[in-house]
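Dumped query-v9.pdb below, it's PDB, C-alpha atoms:
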ATOM      1  CA  MET A  18     -10.787 198.157   2.664
ATOM      2  CA  THR A  19      -9.670 198.166  -0.969
ATOM      3  CA  LYS A  20      -6.104 197.046  -1.436
ATOM      4  CA  PRO A  21      -3.764 199.367  -3.386
ATOM      5  CA  LYS A  22      -3.322 198.270  -6.974
ATOM      6  CA  VAL A  23       0.359 197.693  -7.775
ATOM      7  CA  LEU A  24       2.180 196.642 -10.935
ATOM      8  CA  VAL A  25       5.314 194.501 -10.793
ATOM      9  CA  THR A  26       7.268 195.192 -13.974
ATOM     10  CA  ARG A  27       9.320 191.945 -14.131
ATOM     11  CA  ARG A  28       9.237 188.480 -12.536
ATOM     12  CA  TRP A  29      10.448 188.571  -8.938
ATOM     13  CA  PRO A  30      11.312 185.664  -6.616
ATOM     14  CA  ALA A  31       8.248 183.507  -5.945
ATOM     15  CA  ALA A  32       8.289 184.156  -2.195
ATOM     16  CA  VAL A  33       8.169 187.911  -2.816
ATOM     17  CA  GLU A  34       5.421 187.696  -5.430
ATOM     18  CA  ALA A  35       3.360 185.650  -2.955
ATOM     19  CA  GLN A  36       3.655 188.324  -0.263
ATOM     20  CA  LEU A  37       2.875 191.093  -2.739
ATOM     21  CA  SER A  38      -0.307 189.277  -3.750
ATOM     22  CA  GLN A  39      -1.229 188.846  -0.086
ATOM     23  CA  HIS A  40      -0.876 192.507   0.864
ATOM     24  CA  PHE A  41      -1.851 194.262  -2.379
ATOM     25  CA  ASP A  42      -3.938 193.950  -5.501
ATOM     26  CA  ALA A  43      -0.791 192.939  -7.380
ATOM     27  CA  VAL A  44      -0.544 192.521 -11.140
ATOM     28  CA  LEU A  45       2.503 190.445 -12.093
ATOM     29  CA  ASN A  46       4.411 190.512 -15.380
ATOM     30  CA  THR A  47       4.264 186.752 -15.876
ATOM     31  CA  SER A  48       5.767 186.989 -19.373
ATOM     32  CA  ASP A  49       8.836 188.811 -17.931
ATOM     33  CA  VAL A  50       9.032 190.912 -21.102
ATOM     34  CA  PRO A  51      10.482 194.423 -20.569
ATOM     35  CA  MET A  52       7.892 197.193 -20.655
ATOM     36  CA  THR A  53       7.992 199.997 -23.211
ATOM     37  CA  PRO A  54       7.677 203.723 -22.412
ATOM     38  CA  GLU A  55       4.076 203.517 -23.651
ATOM     39  CA  ASP A  56       3.441 200.623 -21.251
ATOM     40  CA  PHE A  57       4.804 202.679 -18.370
ATOM     41  CA  LYS A  58       2.710 205.695 -19.317
ATOM     42  CA  ALA A  59      -0.413 203.541 -19.237
ATOM     43  CA  ALA A  60       0.653 201.968 -15.943
ATOM     44  CA  LEU A  61       1.245 205.331 -14.279
ATOM     45  CA  ALA A  62      -2.296 206.308 -15.231
ATOM     46  CA  SER A  63      -3.834 203.094 -13.883
ATOM     47  CA  TYR A  64      -1.965 201.829 -10.801
ATOM     48  CA  ASP A  65      -1.489 203.193  -7.294
ATOM     49  CA  ALA A  66       2.100 201.939  -7.298
ATOM     50  CA  VAL A  67       4.551 200.781  -9.954
ATOM     51  CA  LEU A  68       7.473 198.584  -8.940
ATOM     52  CA  PRO A  69      10.287 199.069 -11.484
ATOM     53  CA  THR A  70      13.673 197.416 -11.652
ATOM     54  CA  VAL A  71      16.980 199.139 -12.332
ATOM     55  CA  THR A  72      16.739 198.433 -16.068
ATOM     56  CA  ASP A  73      13.255 199.925 -16.501
ATOM     57  CA  LYS A  74      13.584 203.361 -18.098
ATOM     58  CA  ILE A  75      11.028 205.795 -16.696
ATOM     59  CA  GLY A  76      11.762 209.053 -18.467
ATOM     60  CA  ALA A  77       9.963 211.836 -20.285
ATOM     61  CA  PRO A  78       7.872 209.665 -22.667
ATOM     62  CA  ALA A  79       6.384 207.698 -19.764
ATOM     63  CA  LEU A  80       5.808 210.741 -17.583
ATOM     64  CA  GLU A  81       4.030 212.975 -20.085
ATOM     65  CA  LEU A  82       0.611 212.752 -18.483
ATOM     66  CA  ALA A  83      -1.344 215.309 -16.523
ATOM     67  CA  ARG A  84      -2.465 213.435 -13.415
ATOM     68  CA  PRO A  85      -0.876 210.041 -12.820
ATOM     69  CA  GLN A  86      -2.690 207.678 -10.500
ATOM     70  CA  THR A  87       0.628 206.302  -9.302
ATOM     71  CA  LYS A  88       1.731 207.792  -5.990
ATOM     72  CA  ILE A  89       4.875 205.711  -5.409
ATOM     73  CA  LEU A  90       7.590 204.078  -7.513
ATOM     74  CA  ALA A  91       8.970 201.384  -5.223
ATOM     75  CA  ASN A  92      12.204 200.577  -7.020
ATOM     76  CA  TYR A  93      13.683 197.077  -6.870
ATOM     77  CA  GLY A  94      17.370 197.992  -6.585
ATOM     78  CA  VAL A  95      19.660 200.609  -5.093
ATOM     79  CA  GLY A  96      20.326 202.835  -8.091
ATOM     80  CA  PHE A  97      17.585 205.047  -9.497
ATOM     81  CA  SER A  98      19.336 206.780 -12.401
ATOM     82  CA  HIS A  99      16.847 205.049 -14.736
ATOM     83  CA  ILE A 100      14.082 207.252 -13.287
ATOM     84  CA  ASP A 101      13.680 210.895 -14.306
ATOM     85  CA  MET A 102      13.630 212.134 -10.723
ATOM     86  CA  ALA A 103      12.833 215.753 -11.576
ATOM     87  CA  ARG A 104       9.710 214.896 -13.574
ATOM     88  CA  VAL A 105       8.616 212.305 -11.022
ATOM     89  CA  SER A 106       8.932 214.844  -8.222
ATOM     90  CA  ASP A 107       6.939 217.376 -10.271
ATOM     91  CA  HIS A 108       4.116 214.835 -10.273
ATOM     92  CA  GLY A 109       4.443 214.379  -6.505
ATOM     93  CA  ILE A 110       5.390 210.723  -6.855
ATOM     94  CA  CYS A 111       7.428 209.161  -4.042
ATOM     95  CA  VAL A 112      10.452 207.036  -5.032
ATOM     96  CA  THR A 113      12.051 204.403  -2.802
ATOM     97  CA  ASN A 114      14.958 202.000  -3.284
ATOM     98  CA  THR A 115      16.427 198.912  -1.582
ATOM     99  CA  PRO A 116      19.770 199.740   0.074
ATOM    100  CA  ASP A 117      21.762 197.555   2.496
ATOM    101  CA  VAL A 118      20.326 194.170   1.542
ATOM    102  CA  LEU A 119      22.389 193.657  -1.629
ATOM    103  CA  SER A 120      25.670 195.256  -0.531
ATOM    104  CA  GLU A 121      27.439 192.082   0.536
ATOM    105  CA  CYS A 122      26.467 190.037  -2.509
ATOM    106  CA  THR A 123      27.405 192.811  -4.929
ATOM    107  CA  ALA A 124      30.774 193.193  -3.205
ATOM    108  CA  ASP A 125      31.258 189.412  -3.451
ATOM    109  CA  LEU A 126      30.673 189.661  -7.195
ATOM    110  CA  ALA A 127      33.057 192.613  -7.544
ATOM    111  CA  MET A 128      35.736 190.599  -5.756
ATOM    112  CA  THR A 129      34.977 187.658  -8.053
ATOM    113  CA  LEU A 130      35.544 189.863 -11.089
ATOM    114  CA  LEU A 131      38.777 191.228  -9.639
ATOM    115  CA  LEU A 132      40.129 187.719  -9.096
ATOM    116  CA  MET A 133      38.943 186.519 -12.495
ATOM    117  CA  VAL A 134      40.643 189.291 -14.459
ATOM    118  CA  ALA A 135      43.828 189.183 -12.393
ATOM    119  CA  ARG A 136      44.219 185.417 -12.827
ATOM    120  CA  ARG A 137      42.942 185.353 -16.450
ATOM    121  CA  ALA A 138      40.129 182.992 -15.473
ATOM    122  CA  GLY A 139      37.890 184.059 -18.360
ATOM    123  CA  GLU A 140      40.583 183.283 -20.915
ATOM    124  CA  GLY A 141      41.313 179.957 -19.270
ATOM    125  CA  GLU A 142      37.676 178.924 -19.115
ATOM    126  CA  ARG A 143      37.192 179.717 -22.809
ATOM    127  CA  GLU A 144      40.327 177.775 -23.713
ATOM    128  CA  VAL A 145      39.167 174.655 -21.860
ATOM    129  CA  ARG A 146      35.624 174.774 -23.281
ATOM    130  CA  GLU A 147      36.933 175.250 -26.825
ATOM    131  CA  GLY A 148      39.261 172.237 -26.520
ATOM    132  CA  GLN A 149      42.363 174.392 -26.990
ATOM    133  CA  TRP A 150      44.188 173.556 -23.740
ATOM    134  CA  THR A 151      47.396 171.631 -24.433
ATOM    135  CA  GLY A 152      48.414 171.059 -20.814
ATOM    136  CA  TRP A 153      50.294 172.770 -18.010
ATOM    137  CA  ARG A 154      53.388 174.775 -18.853
ATOM    138  CA  PRO A 155      55.333 177.427 -16.919
ATOM    139  CA  THR A 156      54.437 180.340 -19.186
ATOM    140  CA  HIS A 157      50.772 179.520 -19.738
ATOM    141  CA  LEU A 158      48.199 182.262 -18.895
ATOM    142  CA  VAL A 159      50.409 183.870 -16.295
ATOM    143  CA  GLY A 160      48.351 186.377 -14.348
ATOM    144  CA  THR A 161      48.795 188.882 -11.550
ATOM    145  CA  LYS A 162      49.014 188.301  -7.808
ATOM    146  CA  VAL A 163      46.190 189.945  -5.868
ATOM    147  CA  SER A 164      47.288 189.666  -2.237
ATOM    148  CA  GLY A 165      49.073 192.712  -0.914
ATOM    149  CA  LYS A 166      48.288 194.910  -3.920
ATOM    150  CA  THR A 167      46.644 198.360  -3.884
ATOM    151  CA  LEU A 168      42.918 198.670  -4.568
ATOM    152  CA  GLY A 169      41.338 201.992  -5.450
ATOM    153  CA  ILE A 170      37.619 202.321  -4.735
ATOM    154  CA  ILE A 171      35.613 205.070  -6.410
ATOM    155  CA  GLY A 172      32.444 205.601  -4.379
ATOM    156  CA  TYR A 173      32.789 204.604  -0.739
ATOM    157  CA  GLY A 174      29.182 203.885   0.174
ATOM    158  CA  ARG A 175      27.776 200.619   1.488
ATOM    159  CA  ILE A 176      28.984 198.439  -1.398
ATOM    160  CA  GLY A 177      32.353 200.165  -1.673
ATOM    161  CA  GLN A 178      32.963 199.618   2.032
ATOM    162  CA  GLN A 179      32.016 195.945   1.763
ATOM    163  CA  MET A 180      34.437 195.592  -1.141
ATOM    164  CA  ALA A 181      37.178 197.178   0.969
ATOM    165  CA  ARG A 182      36.551 194.721   3.812
ATOM    166  CA  ARG A 183      36.941 191.731   1.511
ATOM    167  CA  ALA A 184      40.044 193.081  -0.166
ATOM    168  CA  HIS A 185      41.791 194.363   2.953
ATOM    169  CA  HIS A 186      40.936 191.719   5.529
ATOM    170  CA  GLY A 187      40.824 188.810   3.081
ATOM    171  CA  PHE A 188      43.723 189.642   0.759
ATOM    172  CA  GLY A 189      45.780 192.161   2.696
ATOM    173  CA  MET A 190      45.216 194.833   0.078
ATOM    174  CA  LYS A 191      45.971 198.503   0.660
ATOM    175  CA  ILE A 192      42.824 200.589   0.178
ATOM    176  CA  ILE A 193      42.682 204.043  -1.414
ATOM    177  CA  VAL A 194      39.274 205.690  -1.816
ATOM    178  CA  GLN A 195      37.743 208.598  -3.672
ATOM    179  CA  ASN A 196      34.305 209.732  -2.608
ATOM    180  CA  ARG A 197      32.224 212.802  -3.436
ATOM    181  CA  SER A 198      32.033 213.665   0.278
ATOM    182  CA  LYS A 199      34.425 213.350   3.177
ATOM    183  CA  VAL A 200      34.466 209.837   4.647
ATOM    184  CA  ALA A 201      34.422 209.653   8.441
ATOM    185  CA  PRO A 202      37.865 208.792   9.895
ATOM    186  CA  GLU A 203      36.462 205.814  11.805
ATOM    187  CA  VAL A 204      34.997 204.377   8.595
ATOM    188  CA  LEU A 205      38.332 204.708   6.795
ATOM    189  CA  ALA A 206      40.107 203.163   9.782
ATOM    190  CA  GLU A 207      38.058 199.929   9.516
ATOM    191  CA  CYS A 208      40.131 198.937   6.474
ATOM    192  CA  GLY A 209      43.129 201.213   6.950
ATOM    193  CA  ALA A 210      41.901 203.203   3.969
ATOM    194  CA  THR A 211      43.256 206.513   2.709
ATOM    195  CA  GLN A 212      40.982 209.041   1.017
ATOM    196  CA  VAL A 213      42.277 211.134  -1.876
ATOM    197  CA  ASP A 214      40.722 214.275  -3.285
ATOM    198  CA  SER A 215      40.045 213.231  -6.861
ATOM    199  CA  ILE A 216      39.795 210.339  -9.290
ATOM    200  CA  ASP A 217      42.820 211.729 -11.102
ATOM    201  CA  ASP A 218      44.784 211.438  -7.870
ATOM    202  CA  LEU A 219      43.619 207.855  -7.318
ATOM    203  CA  MET A 220      44.157 206.269 -10.737
ATOM    204  CA  PRO A 221      47.981 206.213 -10.890
ATOM    205  CA  LEU A 222      48.312 204.844  -7.350
ATOM    206  CA  CYS A 223      46.414 201.587  -7.802
ATOM    207  CA  ASP A 224      46.911 198.074  -9.103
ATOM    208  CA  PHE A 225      43.119 197.638  -9.244
ATOM    209  CA  VAL A 226      40.334 200.231  -9.480
ATOM    210  CA  SER A 227      36.787 199.213  -8.541
ATOM    211  CA  LEU A 228      33.794 201.429  -9.342
ATOM    212  CA  HIS A 229      30.965 201.746  -6.797
ATOM    213  CA  CYS A 230      29.631 205.206  -7.638
ATOM    214  CA  PRO A 231      26.131 206.202  -8.795
ATOM    215  CA  GLY A 232      25.202 206.280 -12.462
ATOM    216  CA  GLY A 233      23.122 208.909 -14.188
ATOM    217  CA  PRO A 234      23.953 211.840 -16.465
ATOM    218  CA  GLU A 235      26.307 213.468 -13.969
ATOM    219  CA  ASN A 236      28.599 210.422 -13.974
ATOM    220  CA  ARG A 237      28.333 209.426 -17.644
ATOM    221  CA  ASN A 238      31.827 208.609 -18.984
ATOM    222  CA  LEU A 239      33.320 209.387 -15.579
ATOM    223  CA  ILE A 240      36.064 206.952 -16.550
ATOM    224  CA  ASN A 241      37.203 208.346 -19.895
ATOM    225  CA  ALA A 242      40.312 208.137 -22.055
ATOM    226  CA  SER A 243      42.278 210.670 -20.034
ATOM    227  CA  ARG A 244      41.588 208.852 -16.769
ATOM    228  CA  LEU A 245      42.340 205.452 -18.269
ATOM    229  CA  ASN A 246      45.667 206.912 -19.395
ATOM    230  CA  LEU A 247      46.420 207.719 -15.762
ATOM    231  CA  MET A 248      46.250 204.045 -14.800
ATOM    232  CA  ARG A 249      49.342 201.904 -14.519
ATOM    233  CA  PRO A 250      49.951 199.769 -17.630
ATOM    234  CA  ASP A 251      49.453 196.591 -15.578
ATOM    235  CA  ALA A 252      46.419 197.831 -13.595
ATOM    236  CA  PHE A 253      42.861 196.501 -13.834
ATOM    237  CA  LEU A 254      39.455 198.211 -13.882
ATOM    238  CA  ILE A 255      36.383 196.606 -12.244
ATOM    239  CA  ASN A 256      32.798 197.859 -12.711
ATOM    240  CA  THR A 257      29.748 196.638 -10.809
ATOM    241  CA  ALA A 258      28.186 200.129 -10.593
ATOM    242  CA  ARG A 259      26.478 201.335 -13.790
ATOM    243  CA  GLY A 260      27.512 200.851 -17.402
ATOM    244  CA  GLU A 261      27.334 204.520 -18.342
ATOM    245  CA  VAL A 262      30.091 205.362 -15.875
ATOM    246  CA  ILE A 263      32.708 204.073 -18.369
ATOM    247  CA  ASP A 264      33.406 205.363 -21.876
ATOM    248  CA  GLU A 265      33.344 201.924 -23.484
ATOM    249  CA  LEU A 266      35.105 202.977 -26.690
ATOM    250  CA  ALA A 267      37.967 204.449 -24.667
ATOM    251  CA  LEU A 268      38.104 201.290 -22.554
ATOM    252  CA  SER A 269      38.238 199.045 -25.628
ATOM    253  CA  GLN A 270      41.150 201.073 -26.991
ATOM    254  CA  ALA A 271      42.985 200.832 -23.670
ATOM    255  CA  LEU A 272      42.480 197.060 -23.720
ATOM    256  CA  TRP A 273      43.432 196.606 -27.383
ATOM    257  CA  PHE A 274      46.596 198.687 -27.082
ATOM    258  CA  GLU A 275      47.345 197.205 -23.630
ATOM    259  CA  THR A 276      47.736 200.558 -21.935
ATOM    260  CA  ILE A 277      46.035 198.893 -18.951
ATOM    261  CA  GLY A 278      46.278 195.286 -17.814
ATOM    262  CA  GLY A 279      42.621 194.385 -18.207
ATOM    263  CA  ALA A 280      39.064 195.029 -17.095
ATOM    264  CA  ALA A 281      36.080 193.175 -15.683
ATOM    265  CA  LEU A 282      32.506 194.386 -16.183
ATOM    266  CA  ASP A 283      29.180 193.289 -14.737
ATOM    267  CA  VAL A 284      27.274 196.247 -16.215
ATOM    268  CA  PHE A 285      27.174 197.865 -19.645
ATOM    269  CA  ASP A 286      26.019 201.089 -21.235
ATOM    270  CA  GLY A 287      22.679 200.323 -22.902
ATOM    271  CA  GLU A 288      22.516 196.755 -21.605
ATOM    272  CA  PRO A 289      21.530 194.107 -22.563
ATOM    273  CA  ARG A 290      23.101 195.382 -25.773
ATOM    274  CA  ILE A 291      26.853 194.911 -25.573
ATOM    275  CA  ASN A 292      29.033 197.358 -27.484
ATOM    276  CA  PRO A 293      30.691 195.317 -30.273
ATOM    277  CA  VAL A 294      34.053 196.971 -29.568
ATOM    278  CA  LEU A 295      34.196 195.060 -26.270
ATOM    279  CA  ARG A 296      33.426 191.574 -27.530
ATOM    280  CA  ASP A 297      36.858 190.684 -28.896
ATOM    281  CA  CYS A 298      38.958 191.990 -26.003
ATOM    282  CA  ASP A 299      40.621 188.907 -24.513
ATOM    283  CA  ASN A 300      41.773 190.814 -21.426
ATOM    284  CA  LEU A 301      38.170 191.643 -20.519
ATOM    285  CA  VAL A 302      35.868 189.598 -18.269
ATOM    286  CA  MET A 303      32.134 190.161 -18.844
ATOM    287  CA  LEU A 304      29.193 188.976 -16.727
ATOM    288  CA  PRO A 305      25.463 189.638 -17.322
ATOM    289  CA  HIS A 306      24.652 192.032 -14.448
ATOM    290  CA  LEU A 307      24.887 189.433 -11.667
ATOM    291  CA  GLY A 308      25.859 191.768  -8.801
ATOM    292  CA  SER A 309      22.877 191.037  -6.557
ATOM    293  CA  ALA A 310      21.992 187.695  -8.165
ATOM    294  CA  THR A 311      21.749 185.469  -5.115
ATOM    295  CA  ARG A 312      18.500 184.041  -3.782
ATOM    296  CA  GLU A 313      19.114 185.715  -0.444
ATOM    297  CA  ALA A 314      19.737 189.175  -1.886
ATOM    298  CA  ARG A 315      16.968 189.121  -4.478
ATOM    299  CA  GLU A 316      14.378 187.987  -1.909
ATOM    300  CA  ALA A 317      15.575 190.568   0.616
ATOM    301  CA  MET A 318      15.303 193.294  -2.031
ATOM    302  CA  GLY A 319      11.704 192.314  -2.724
ATOM    303  CA  PHE A 320      10.761 192.229   0.949
ATOM    304  CA  ARG A 321      12.334 195.670   1.356
ATOM    305  CA  VAL A 322      10.084 196.940  -1.458
ATOM    306  CA  ILE A 323       7.076 195.505   0.388
ATOM    307  CA  ASP A 324       8.144 197.242   3.603
ATOM    308  CA  ASN A 325       8.337 200.560   1.761
ATOM    309  CA  LEU A 326       4.950 200.037   0.127
ATOM    310  CA  ARG A 327       3.257 199.134   3.400
ATOM    311  CA  ASP A 328       4.780 202.150   5.126
ATOM    312  CA  PHE A 329       3.598 204.432   2.343
ATOM    313  CA  PHE A 330       0.030 203.157   2.077
ATOM    314  CA  GLU A 331      -0.379 202.932   5.869
ATOM    315  CA  GLY A 332       0.570 206.575   6.266
ATOM    316  CA  ARG A 333       4.157 206.202   7.468
ATOM    317  CA  ALA A 334       7.243 207.683   5.854
ATOM    318  CA  PRO A 335       9.039 204.940   3.868
ATOM    319  CA  ARG A 336      12.522 204.518   5.316
ATOM    320  CA  ASP A 337      14.104 204.204   1.878
ATOM    321  CA  ARG A 338      12.592 207.270   0.233
ATOM    322  CA  VAL A 339      15.099 208.961  -2.098
ATOM    323  CA  ASN A 340      13.206 212.106  -3.150
TER     324      ASN A 340
END
Please render this file's structure as structure tokens.
Amino acid sequence: MTKPKVLVTRRWPAAVEAQLSQHFDAVLNTSDVPMTPEDFKAALASYDAVLPTVTDKIGAPALELARPQTKILANYGVGFSHIDMARVSDHGICVTNTPDVLSECTADLAMTLLLMVARRAGEGEREVREGQWTGWRPTHLVGTKVSGKTLGIIGYGRIGQQMARRAHHGFGMKIIVQNRSKVAPEVLAECGATQVDSIDDLMPLCDFVSLHCPGGPENRNLINASRLNLMRPDAFLINTARGEVIDELALSQALWFETIGGAALDVFDGEPRINPVLRDCDNLVMLPHLGSATREAREAMGFRVIDNLRDFFEGRAPRDRVN
């Protein structure tokens, strides 16, 4: 029986690539160079499955073809705002993602960012590397205590809940959540969390605000100037969700004029391009999209893609279908 022909758009962990090659007629992107819209258009016309990552843009230019050969986009990642879901569905293409397996590692990274910005770790690390440290003194790089503070979580899905567990059970933090739907009382009770109706209600109540909501056009600039102005002047904003969720110009102004205490970002609007207005903000920690970057998570994500592909091509409904 002929194996389905699948295209892997970037390098994946070696163990995953080996299994893909075992089960499918897999073409690997050994150069690891990002594909263009024209590349994706050609791929959709030639492969039974395309395996994009969360930074691969599959929009109108790639989807302007009459009869794509591709029947499934098995996405390597949880978010799928980089895929034009309406056009994909019009073509009858199935889309899957990889939930669950990266939640813990992404929450670990969000907690890392929270601790880094609160304790000014980025500033300290730069000072040491640049040979500017003159020794311990009582007023040097004084930061903010984390334990016992209030954490607001916007988006209380799998990752948001894992973040709450770390903050509440590890640091005794009070948890306030905003979610687009009602969170079950028993889920809130796991971390003693309180749900509020809106982001505007949440912002002024928190010492830290961590974003775990979806990206996409509907949430672009969800955190804008007016909402940043609702934050306490010593509060911190953490983003491991999607870059477009924050109005980066408004954030840079809040950081420059110190209307908030600081911010920590793992994702950026238009990454890997970094908005120049962010680069010189000392009270900003920046990491290069490392949320799921552990061997365990990245391998598990790939194996989850394989599970979805096998289900699809063997006639079963993929458990992670999102359309």
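Once all atoms listed in the file are considered, the residues situated within 12 Å of the file point (-7.7, 198.4, 1.0) turn out to be Met18, Thr19, Lys20, Pro21, Lys22, Val23, Gln39, His40, Phe41, Asp42, Asp65, Arg327, Phe330 and Glu331 of chain A.
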Worksheet item: Any chance you could work out the residue set of the PyMOL selection byres ((chain A and resi 314) around 12) here, as a PyMOL selection string?
Response: chain A and resi 29-30+33+93-95+115-125+307-313+315-321
I need the chosen residues saved as a short mmCIF file (atom, residue, chain, number, x, y, z; two decimals), keeping the file's coordinate frame, with C-alpha atoms.
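Once everything was written out, this is selection03.cif:
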data_model
loop_
_atom_site.label_atom_id
_atom_site.label_comp_id
_atom_site.auth_asym_id
_atom_site.auth_seq_id
_atom_site.Cartn_x
_atom_site.Cartn_y
_atom_site.Cartn_z
CA TRP A 29 10.45 188.57 -8.94
CA PRO A 30 11.31 185.66 -6.62
CA VAL A 33 8.17 187.91 -2.82
CA TYR A 93 13.68 197.08 -6.87
CA GLY A 94 17.37 197.99 -6.58
CA VAL A 95 19.66 200.61 -5.09
CA THR A 115 16.43 198.91 -1.58
CA PRO A 116 19.77 199.74 0.07
CA ASP A 117 21.76 197.56 2.50
CA VAL A 118 20.33 194.17 1.54
CA LEU A 119 22.39 193.66 -1.63
CA SER A 120 25.67 195.26 -0.53
CA GLU A 121 27.44 192.08 0.54
CA CYS A 122 26.47 190.04 -2.51
CA THR A 123 27.40 192.81 -4.93
CA ALA A 124 30.77 193.19 -3.20
CA ASP A 125 31.26 189.41 -3.45
CA LEU A 307 24.89 189.43 -11.67
CA GLY A 308 25.86 191.77 -8.80
CA SER A 309 22.88 191.04 -6.56
CA ALA A 310 21.99 187.70 -8.16
CA THR A 311 21.75 185.47 -5.12
CA ARG A 312 18.50 184.04 -3.78
CA GLU A 313 19.11 185.72 -0.44
CA ARG A 315 16.97 189.12 -4.48
CA GLU A 316 14.38 187.99 -1.91
CA ALA A 317 15.58 190.57 0.62
CA MET A 318 15.30 193.29 -2.03
CA GLY A 319 11.70 192.31 -2.72
CA PHE A 320 10.76 192.23 0.95
CA ARG A 321 12.33 195.67 1.36
#
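CA of His229 (chain A) is found 9.8 Å from CA of Val262 (chain A).
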Item to complete: Find the residues around region 83-92 of chain A up to 6 Å (all atoms listed in the file counted), leave out those fewer than 4 positions away in its own chain, and share them as a PyMOL selection string.
Response: chain A and resi 61-70+110-114+322
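Nearest residue to Leu301 (chain A) among A:Ile193, A:Ala184, A:Met133, A:Leu158 is A:Met133, counting all atoms listed in the file.
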Worksheet item: If you apply the PyMOL selection byres ((chain A and resi 287) around 10) to this file, what residues do you get, as a list in words?
Response: Thr72, Arg259, Gly260, Glu261, Val284, Phe285, Asp286, Glu288, Pro289, Arg290, Ile291 and Asn292 of chain A
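Distance-wise, CA of Thr257 (chain A) and CA of Ser48 (chain A) end up 27.2 Å apart.
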Item to complete: Compile the contact shell of Arg137 (chain A) as a count of residues only: residues with an atom at most 10 Å away, counting all atoms listed in the file, same-chain residues fewer than 3 positions apart removed.
Response: 16
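Nearest to Gln270 (chain A) of all the residues A:Asp251, A:Asp297, A:Asp337, A:Asp283 is A:Asp297, based on all atoms listed in the file.
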Worksheet item: Which polymer residues, protein or nucleic acid, are no farther than 7 Å from (37.4, 197.7, -6.8), counting only C-alpha atoms, as a VMD selection string?
Response: chain A and resid 127 168 to 170 180 225 to 228 255
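Selection check: the PyMOL selection byres ((chain A and resi 264) around 8) on the shown file gives Arg237, Asn238, Leu239, Ile240, Asn241, Ala242, Glu261, Val262, Ile263, Glu265, Leu266, Ala267 and Leu268 of chain A.
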Discussion item. Would you compute the distance between CA of Gln149 (chain A) and CA of Ala271 (chain A)? Give it in Å to one decimal.
Written reply: 26.7 Å
Enclose all atoms of region 289-296 of chain A listed in the file in an axis-aligned box, grow every side by 5 Å, and hand back centre and edge lengths in Å to one decimal, as AutoDock Vina command-line options.
--center_x 27.9 --center_y 194.5 --center_z -26.4 --size_x 22.7 --size_y 15.8 --size_z 17.7
Worksheet item: Can you list, as a PyMOL selection string, every protein, DNA or RNA residue that comes within 9 Å of Gln178 (chain A) when you count all atoms listed in the file, leaving out same-chain residues fewer than 3 positions away?
Response: chain A and resi 120+124+170+172-175+181-183+204-205+208
Practice prompt. Tell me which protein, DNA and RNA residues are within 9 Å of Asp224 (chain A), counting only C-alpha atoms, leaving out same-chain ones fewer than 5 positions away, and put them as a ChimeraX atom specification.
Written response: /A:163,166-169,248-249,251-254
Worksheet item: Excluding same-chain residues fewer than 6 positions from Glu55 (chain A), what lies within 10 Å of it counting all atoms listed in the file, as a ChimeraX atom specification?
Response: /A:61,78-80
